[in-house]
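J.: Submitted below is the structure of interest, expressed as structure tokens.
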Amino acid sequence: MSALFHRLLSASTRHRVWSLLFILALTTLALIGRVNPEWILGGEEPAPAPQTSPAKPTAKPTTKPTAKPQPSPNVSPLRVDNADVVLIVDSKKFFTPEGSQAIRQVVESIEALSMVEDIFWLDEVPPINLFSLQNPIFPTGTASARQFEDAREQALANPLIRGQLLSEDTETLLLLIHLDWLFVESDDQCSELIRATAQKVDDDNPDVEMWFLVTGRVPGYITFEKSRGENQKRYQIIGYGMILIMAVILFRGVRAVLIVSAAPILGVFWTQGILCFFDLQDNPFNDIVLPVLISLVGFTDGVHLMVEIRRRRANGDSSRKAANDALQKVGLACFLTSLTTAIGLGALSLAHHEVVREFGWSCVIGVVLTFFAVVLVIPLLCSTRLGNRLEQGHGEGLVDRSLGKIELIIDWVLKRRKTMSFIAISITLVLIGISLTLRPDERVQNALPTDSEVTRAIAHLDDKLNGMETAEVKIVWNEEIESDSEEILEVLREIHAILDKEELIGHPVSLKSFVDVLPGDPDAAQRMSMVELLPPPLKRVFITPERRQAKVTFRARDLGIATYGPVFERIEAQLLNAEQNHGKFDLDLEGNAVWRWENLQQIVVDLAYSLGSASIVIFLVLTIAYRSIRIGLIALVPNFFPLAFTGTWLVATGQSLELAMVCAFTVCLGIAVDDTIHFLTRYREESDDKTDEEAIRSAFVSTGTALIMTTVILTVGFSTVIMSGMREQRIFATMGCLTISSALLGDLIFLPPMLAYFRKRKKAKTDSVEDSSENV
């Protein structure tokens, strides 16, 4: 196997013209992908497949209607949800003449903007009375103080206003803005222009103090994309700049740094271009995480290759011979690190979430392309004028000078091989046990910058309106139930009773809520007939008789889906009981929050699948490559230790297991195994004619410089992202720093004594002396 790879890899130095042509061809292909991949893929798009809705899996028998639904009446429901933009207005003077005038001016000014289609706010809510009299809920500025007080009470008595459009203290008001996308020309129109328009009205009314926050579906997306774009440029520049600075300091030579850096830079360029052919370029992890990841993986292999080239140049070899011999020495290790990293990251393709699956395939493509960049570009550049005098500074760097002191640590752990082996296994198992206590969770705010306006708005709505996110209980009855049946109202009452018992469920509202505020006894029989007295657009928000459906909506705070897990479980259990009591009804808990809760456990499953399958395949690859099951088993400890150490840190700091962490753990496994493979590959080569201890020491001398240099450089590179405004990116970067630094500890402190104790291939002459000294 080694001989085969030696011949294949040495082709890059023996056939430099073909290597250069291959590099140019791949670069051209990547450039076409970045500019317009349709030049190669073709401009014709396949005809769209017919849209079909997948059947919802369910364990309970359905009673949904089979009869042909009735025709829908020509009545449009009120647009009380799915607003593009939500403007939050805070003031203590809404129900005063000057406050009423100011907020009406805000609404009129925003409605005058070309891209605003309409605004739904409390003044648009139809009145609820027996005669449907169009008395305004919100008085004009000429009304008396008594009229404003009556209006306040009337607003708080309206189920569609209290807790939905107006806070209970009447100091927070929502304007639900729907956009006309034909007139939207820029992102700023969807947030900045709306806020500026409202602020101008506030400036013109100094007697009324108003504060504004812009949130909603569109501003949230814009905030996420804007922050992602800014972070992509900023932290890549900072991160790569720090890596170059550290590399210059450690290599003590600019030429070596330029050559080593060229390979991962080209690997990133190739990857981003090739991904466009597979339509993977828009994945959120591919903007920041993927370029940093594959550049760090390529930089790691490049450092090992460069250290070997400089060592051979210092011994007097020519540029081409040094590059060729270095490839033969570390080329197999570079291939194995790329293979195991690709396997580890490719395991993400088994995940349930599409974003994670796409990220996994993107990583595989990136790692493969970066491997070719390393083994082609670095030897090629080393054999040019740029590779002249590469040996200058070799052996004079900080790491080289300190290597002798670090070697004392290797001697110390080898003398205590048995004790250190069991300490390594025990600590790893304990840390794994602690890591297994991580529980999954997800919050909307975690995907947004912590200091953004949208994040502040979400927290504000959690406090004032019991959350911005809504969910619902969907009610469906069969054809035996008439649309005016009292049983519908009875089911709604039971659902309200279930929801009202839950403290975290905010302001449930349904058809029952409006029937209750009509005159008469709310619990009296034949109340369903009074539904006809409600305004038709209001009724159709909560009931569609022709579809035999109704719903109860409620609000949920952004406290974390794990917090709502027990709440949703209790609600679903009680809904099942209600279904059994009303056999002709189906009751389903729905909504984005509910969907995320139902898929929350899948995060754990994804992590188990990705890490489990990656570990098994990596073990098999190492076992086959080194022709030793024992070495494969030994390698598991130093590779699982950094993951367990990072998981324990997450537990200690009170973190929860989130979607980004599933990617981070798998990425960390791919990175952690790299240095282990380089050490084991050199150990296997040295063990042919040396005892185990001699082979271990020789392997450390050969790879120690590269191990320490890559750890320092990669840790510095990851640490720059800790300053990001995105919480997920900070967590990812912190996990990367902890994993990389603890992986070096595992390779230096745990791997040598375990190789010496468990492998026991050859015994050194001094082994008996060491064993007796340890017993003493």
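In the structure tokens, chains take letters A, B, ... by order of appearance, with residues numbered from 1 within each chain and ligands from 1 in the order shown.
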As a VMD selection string, please: every residue in region 70-296 of chain A that a backbone DSSP assignment puts in alpha helix (DSSP H).

T.: chain A and resid 97 to 111 145 to 157 192 to 204 217 to 251 254 to 277 289 to 296

J.: Give me, as a list in words, all polymer residues having an atom no more than 9 Å from Asp187 (chain A), counting only C-alpha atoms and skipping those fewer than 3 positions away in the same chain.

T.: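 The neighbour list is Val184, Cys190, Ser191, Glu192, Val218, Pro219 and Ile222 of chain A.
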
J.: Pull N, CA and C atoms from the residues just selected and write them as a PDB file, in the first residue's frame.

T.:
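Saved file selection-v5.pdb follows:
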ATOM      1  N   VAL A 184     -40.445  46.493  -3.618  1.00  0.00           N
ATOM      2  CA  VAL A 184     -39.294  46.362  -2.714  1.00  0.00           C
ATOM      3  C   VAL A 184     -38.017  46.352  -3.546  1.00  0.00           C
ATOM      4  N   CYS A 190     -37.138  47.243   4.027  1.00  0.00           N
ATOM      5  CA  CYS A 190     -37.903  46.314   4.860  1.00  0.00           C
ATOM      6  C   CYS A 190     -37.644  46.502   6.351  1.00  0.00           C
ATOM      7  N   SER A 191     -36.711  47.348   6.704  1.00  0.00           N
ATOM      8  CA  SER A 191     -36.429  47.540   8.129  1.00  0.00           C
ATOM      9  C   SER A 191     -36.025  48.984   8.424  1.00  0.00           C
ATOM     10  N   GLU A 192     -34.919  49.421   7.851  1.00  0.00           N
ATOM     11  CA  GLU A 192     -34.403  50.751   8.166  1.00  0.00           C
ATOM     12  C   GLU A 192     -35.375  51.854   7.765  1.00  0.00           C
ATOM     13  N   VAL A 218     -39.138  38.859   7.650  1.00  0.00           N
ATOM     14  CA  VAL A 218     -38.198  39.452   6.693  1.00  0.00           C
ATOM     15  C   VAL A 218     -37.020  40.126   7.394  1.00  0.00           C
ATOM     16  N   PRO A 219     -37.239  40.995   8.408  1.00  0.00           N
ATOM     17  CA  PRO A 219     -36.078  41.572   9.102  1.00  0.00           C
ATOM     18  C   PRO A 219     -35.179  40.523   9.750  1.00  0.00           C
ATOM     19  N   ILE A 222     -33.055  39.118   6.965  1.00  0.00           N
ATOM     20  CA  ILE A 222     -32.067  40.112   6.537  1.00  0.00           C
ATOM     21  C   ILE A 222     -30.951  40.236   7.570  1.00  0.00           C
TER      22      ILE A 222
END

J.: Rounded to one decimal, what separation in Å do you get between CA of Gly302 (chain A) and CA of Val260 (chain A)?

T.: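 These atoms are spaced 5.4 Å apart.
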
J.: Would you mind telling me which residue in A:Leu390, A:Gln164, A:Glu598, A:Val214 lies nearest to Pro566 (chain A) when using only C-alpha atoms?

T.: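 Of the candidates, the smallest distance to Pro566 (chain A) is held by A:Glu598.
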
J.: Quick one: everything within 8 Å of region 546-552 of chain A, counting only C-alpha atoms, minus sequence neighbours fewer than 2 positions away in the same chain. Send it as a list in words.

T.: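 Once the nearby chain positions are removed, what remains is Pro65, Pro69, Gln70, Pro71, Ser72, Glu472, Val473, Lys474, Ile475, Val476, Trp477, Asn478, Glu479, Ser483, Leu492, Ile495, His496, Pro508, Val509, Ser510, Leu511, Phe542, Ile543, Thr544 and Phe554 of chain A.
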
J.: Using only C-alpha atoms, which protein or nucleic acid residues come within 6 Å of region 22-35 of chain A? Drop anything in the same chain fewer than 2 positions from it, and give the result as a list in words.

T.: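 In the requested form, the answer reads Ser19, Leu20, Pro37, Trp270, Gly273, Ile274 and Cys276 of chain A.
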
J.: Write to file, as a PDB file, in the first residue's frame, the residues of the selection just made, with N, CA, C and O atoms.

T.:
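This went into part-v4.pdb:
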ATOM      1  N   SER A  19       1.181  18.113 -13.691  1.00  0.00           N
ATOM      2  CA  SER A  19       0.621  18.612 -12.432  1.00  0.00           C
ATOM      3  C   SER A  19       0.117  20.037 -12.595  1.00  0.00           C
ATOM      4  O   SER A  19      -0.975  20.389 -12.119  1.00  0.00           O
ATOM      5  N   LEU A  20       0.904  20.863 -13.287  1.00  0.00           N
ATOM      6  CA  LEU A  20       0.492  22.251 -13.497  1.00  0.00           C
ATOM      7  C   LEU A  20      -0.765  22.326 -14.360  1.00  0.00           C
ATOM      8  O   LEU A  20      -1.675  23.124 -14.079  1.00  0.00           O
ATOM      9  N   PRO A  37     -22.204  28.446 -13.517  1.00  0.00           N
ATOM     10  CA  PRO A  37     -22.085  26.993 -13.739  1.00  0.00           C
ATOM     11  C   PRO A  37     -22.931  26.486 -14.889  1.00  0.00           C
ATOM     12  O   PRO A  37     -22.697  25.386 -15.389  1.00  0.00           O
ATOM     13  N   TRP A 270     -11.157  26.168  -5.040  1.00  0.00           N
ATOM     14  CA  TRP A 270     -11.713  25.045  -5.796  1.00  0.00           C
ATOM     15  C   TRP A 270     -13.047  24.592  -5.210  1.00  0.00           C
ATOM     16  O   TRP A 270     -14.009  24.356  -5.934  1.00  0.00           O
ATOM     17  N   GLY A 273     -16.024  26.924  -5.793  1.00  0.00           N
ATOM     18  CA  GLY A 273     -16.448  26.904  -7.190  1.00  0.00           C
ATOM     19  C   GLY A 273     -17.154  25.614  -7.561  1.00  0.00           C
ATOM     20  O   GLY A 273     -18.200  25.638  -8.223  1.00  0.00           O
ATOM     21  N   ILE A 274     -16.606  24.474  -7.135  1.00  0.00           N
ATOM     22  CA  ILE A 274     -17.201  23.187  -7.480  1.00  0.00           C
ATOM     23  C   ILE A 274     -18.561  23.008  -6.818  1.00  0.00           C
ATOM     24  O   ILE A 274     -19.475  22.400  -7.390  1.00  0.00           O
ATOM     25  N   CYS A 276     -20.831  25.064  -6.526  1.00  0.00           N
ATOM     26  CA  CYS A 276     -21.874  25.727  -7.317  1.00  0.00           C
ATOM     27  C   CYS A 276     -22.484  24.779  -8.346  1.00  0.00           C
ATOM     28  O   CYS A 276     -23.653  24.939  -8.719  1.00  0.00           O
TER      29      CYS A 276
END

J.: Could you give me, as number ranges by chain, each residue of region 123-324 of chain A that DSSP assigns to strand (DSSP E) when run on this structure's backbone?

T.: A: 172-179, 211-215

J.: With all heavy atoms kept, could you save the residues just selected as a short mmCIF file (atom, residue, chain, number, x, y, z; two decimals), in the first residue's frame?

T.:
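result_34.cif, written as the output of this step:
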data_model
loop_
_atom_site.label_atom_id
_atom_site.label_comp_id
_atom_site.auth_asym_id
_atom_site.auth_seq_id
_atom_site.Cartn_x
_atom_site.Cartn_y
_atom_site.Cartn_z
N THR A 172 -47.34 48.39 24.92
CA THR A 172 -46.67 47.83 23.75
C THR A 172 -47.73 47.51 22.70
O THR A 172 -48.70 46.80 22.96
CB THR A 172 -45.89 46.56 24.10
OG1 THR A 172 -44.88 46.88 25.06
CG2 THR A 172 -45.23 45.97 22.87
N LEU A 173 -47.52 48.03 21.50
CA LEU A 173 -48.47 47.89 20.41
C LEU A 173 -47.75 47.32 19.19
O LEU A 173 -46.61 47.68 18.91
CB LEU A 173 -49.06 49.27 20.07
CG LEU A 173 -50.08 49.36 18.94
CD1 LEU A 173 -51.36 48.65 19.34
CD2 LEU A 173 -50.36 50.83 18.62
N LEU A 174 -48.42 46.41 18.49
CA LEU A 174 -47.84 45.79 17.30
C LEU A 174 -48.52 46.30 16.04
O LEU A 174 -49.76 46.39 15.98
CB LEU A 174 -47.98 44.26 17.35
CG LEU A 174 -47.31 43.53 18.51
CD1 LEU A 174 -47.41 42.02 18.29
CD2 LEU A 174 -45.88 43.95 18.70
N LEU A 175 -47.70 46.61 15.04
CA LEU A 175 -48.19 46.91 13.70
C LEU A 175 -47.72 45.79 12.77
O LEU A 175 -46.51 45.60 12.58
CB LEU A 175 -47.65 48.26 13.20
CG LEU A 175 -47.90 49.49 14.08
CD1 LEU A 175 -47.36 50.74 13.40
CD2 LEU A 175 -49.36 49.65 14.41
N LEU A 176 -48.67 45.01 12.24
CA LEU A 176 -48.35 43.90 11.36
C LEU A 176 -48.35 44.40 9.92
O LEU A 176 -49.40 44.73 9.37
CB LEU A 176 -49.36 42.77 11.54
CG LEU A 176 -49.59 42.29 12.99
CD1 LEU A 176 -50.56 41.12 13.02
CD2 LEU A 176 -48.27 41.92 13.66
N ILE A 177 -47.16 44.45 9.34
CA ILE A 177 -46.98 45.09 8.03
C ILE A 177 -46.80 44.01 6.96
O ILE A 177 -45.94 43.13 7.09
CB ILE A 177 -45.76 46.03 8.05
CG1 ILE A 177 -45.92 47.07 9.17
CG2 ILE A 177 -45.57 46.70 6.70
CD1 ILE A 177 -44.69 47.93 9.39
N HIS A 178 -47.62 44.12 5.91
CA HIS A 178 -47.49 43.23 4.75
C HIS A 178 -46.93 44.04 3.59
O HIS A 178 -47.41 45.14 3.31
CB HIS A 178 -48.85 42.63 4.38
CG HIS A 178 -49.44 41.79 5.46
ND1 HIS A 178 -50.26 42.31 6.44
CD2 HIS A 178 -49.33 40.46 5.74
CE1 HIS A 178 -50.63 41.35 7.27
NE2 HIS A 178 -50.08 40.23 6.87
N LEU A 179 -45.92 43.49 2.93
CA LEU A 179 -45.20 44.21 1.88
C LEU A 179 -45.72 43.86 0.50
O LEU A 179 -46.20 42.74 0.26
CB LEU A 179 -43.70 43.90 1.95
CG LEU A 179 -42.99 44.23 3.27
CD1 LEU A 179 -41.54 43.79 3.19
CD2 LEU A 179 -43.08 45.71 3.60
N TRP A 211 -40.94 54.42 21.37
CA TRP A 211 -39.74 53.64 21.05
C TRP A 211 -40.13 52.56 20.04
O TRP A 211 -41.21 51.96 20.15
CB TRP A 211 -39.15 53.00 22.30
CG TRP A 211 -38.70 53.99 23.32
CD1 TRP A 211 -37.47 54.55 23.46
CD2 TRP A 211 -39.50 54.57 24.38
NE1 TRP A 211 -37.44 55.42 24.52
CE2 TRP A 211 -38.67 55.46 25.11
CE3 TRP A 211 -40.83 54.41 24.78
CZ2 TRP A 211 -39.13 56.17 26.19
CZ3 TRP A 211 -41.30 55.14 25.86
CH2 TRP A 211 -40.45 56.00 26.56
N PHE A 212 -39.23 52.27 19.11
CA PHE A 212 -39.57 51.36 18.01
C PHE A 212 -38.54 50.23 17.91
O PHE A 212 -37.34 50.45 18.08
CB PHE A 212 -39.62 52.12 16.67
CG PHE A 212 -40.55 53.30 16.68
CD1 PHE A 212 -40.05 54.58 16.89
CD2 PHE A 212 -41.90 53.13 16.47
CE1 PHE A 212 -40.90 55.67 16.89
CE2 PHE A 212 -42.76 54.22 16.47
CZ PHE A 212 -42.26 55.49 16.69
N LEU A 213 -39.04 49.05 17.61
CA LEU A 213 -38.21 47.90 17.29
C LEU A 213 -38.82 47.23 16.06
O LEU A 213 -40.04 47.03 16.00
CB LEU A 213 -38.14 46.90 18.45
CG LEU A 213 -37.32 47.30 19.67
CD1 LEU A 213 -37.52 46.29 20.80
CD2 LEU A 213 -35.84 47.39 19.32
N VAL A 214 -37.98 46.86 15.11
CA VAL A 214 -38.45 46.20 13.89
C VAL A 214 -38.05 44.73 13.96
O VAL A 214 -36.87 44.40 14.19
CB VAL A 214 -37.85 46.85 12.64
CG1 VAL A 214 -38.32 46.13 11.38
CG2 VAL A 214 -38.24 48.32 12.58
N THR A 215 -39.01 43.86 13.76
CA THR A 215 -38.72 42.42 13.76
C THR A 215 -39.65 41.76 12.75
O THR A 215 -40.22 42.43 11.89
CB THR A 215 -38.90 41.82 15.17
OG1 THR A 215 -38.52 40.45 15.15
CG2 THR A 215 -40.34 41.93 15.65
#

J.: Could you work out how far CA of Val364 (chain A) lies from CA of Ile40 (chain A), giving the answer in Å with one decimal?

T.: 22.1 Å
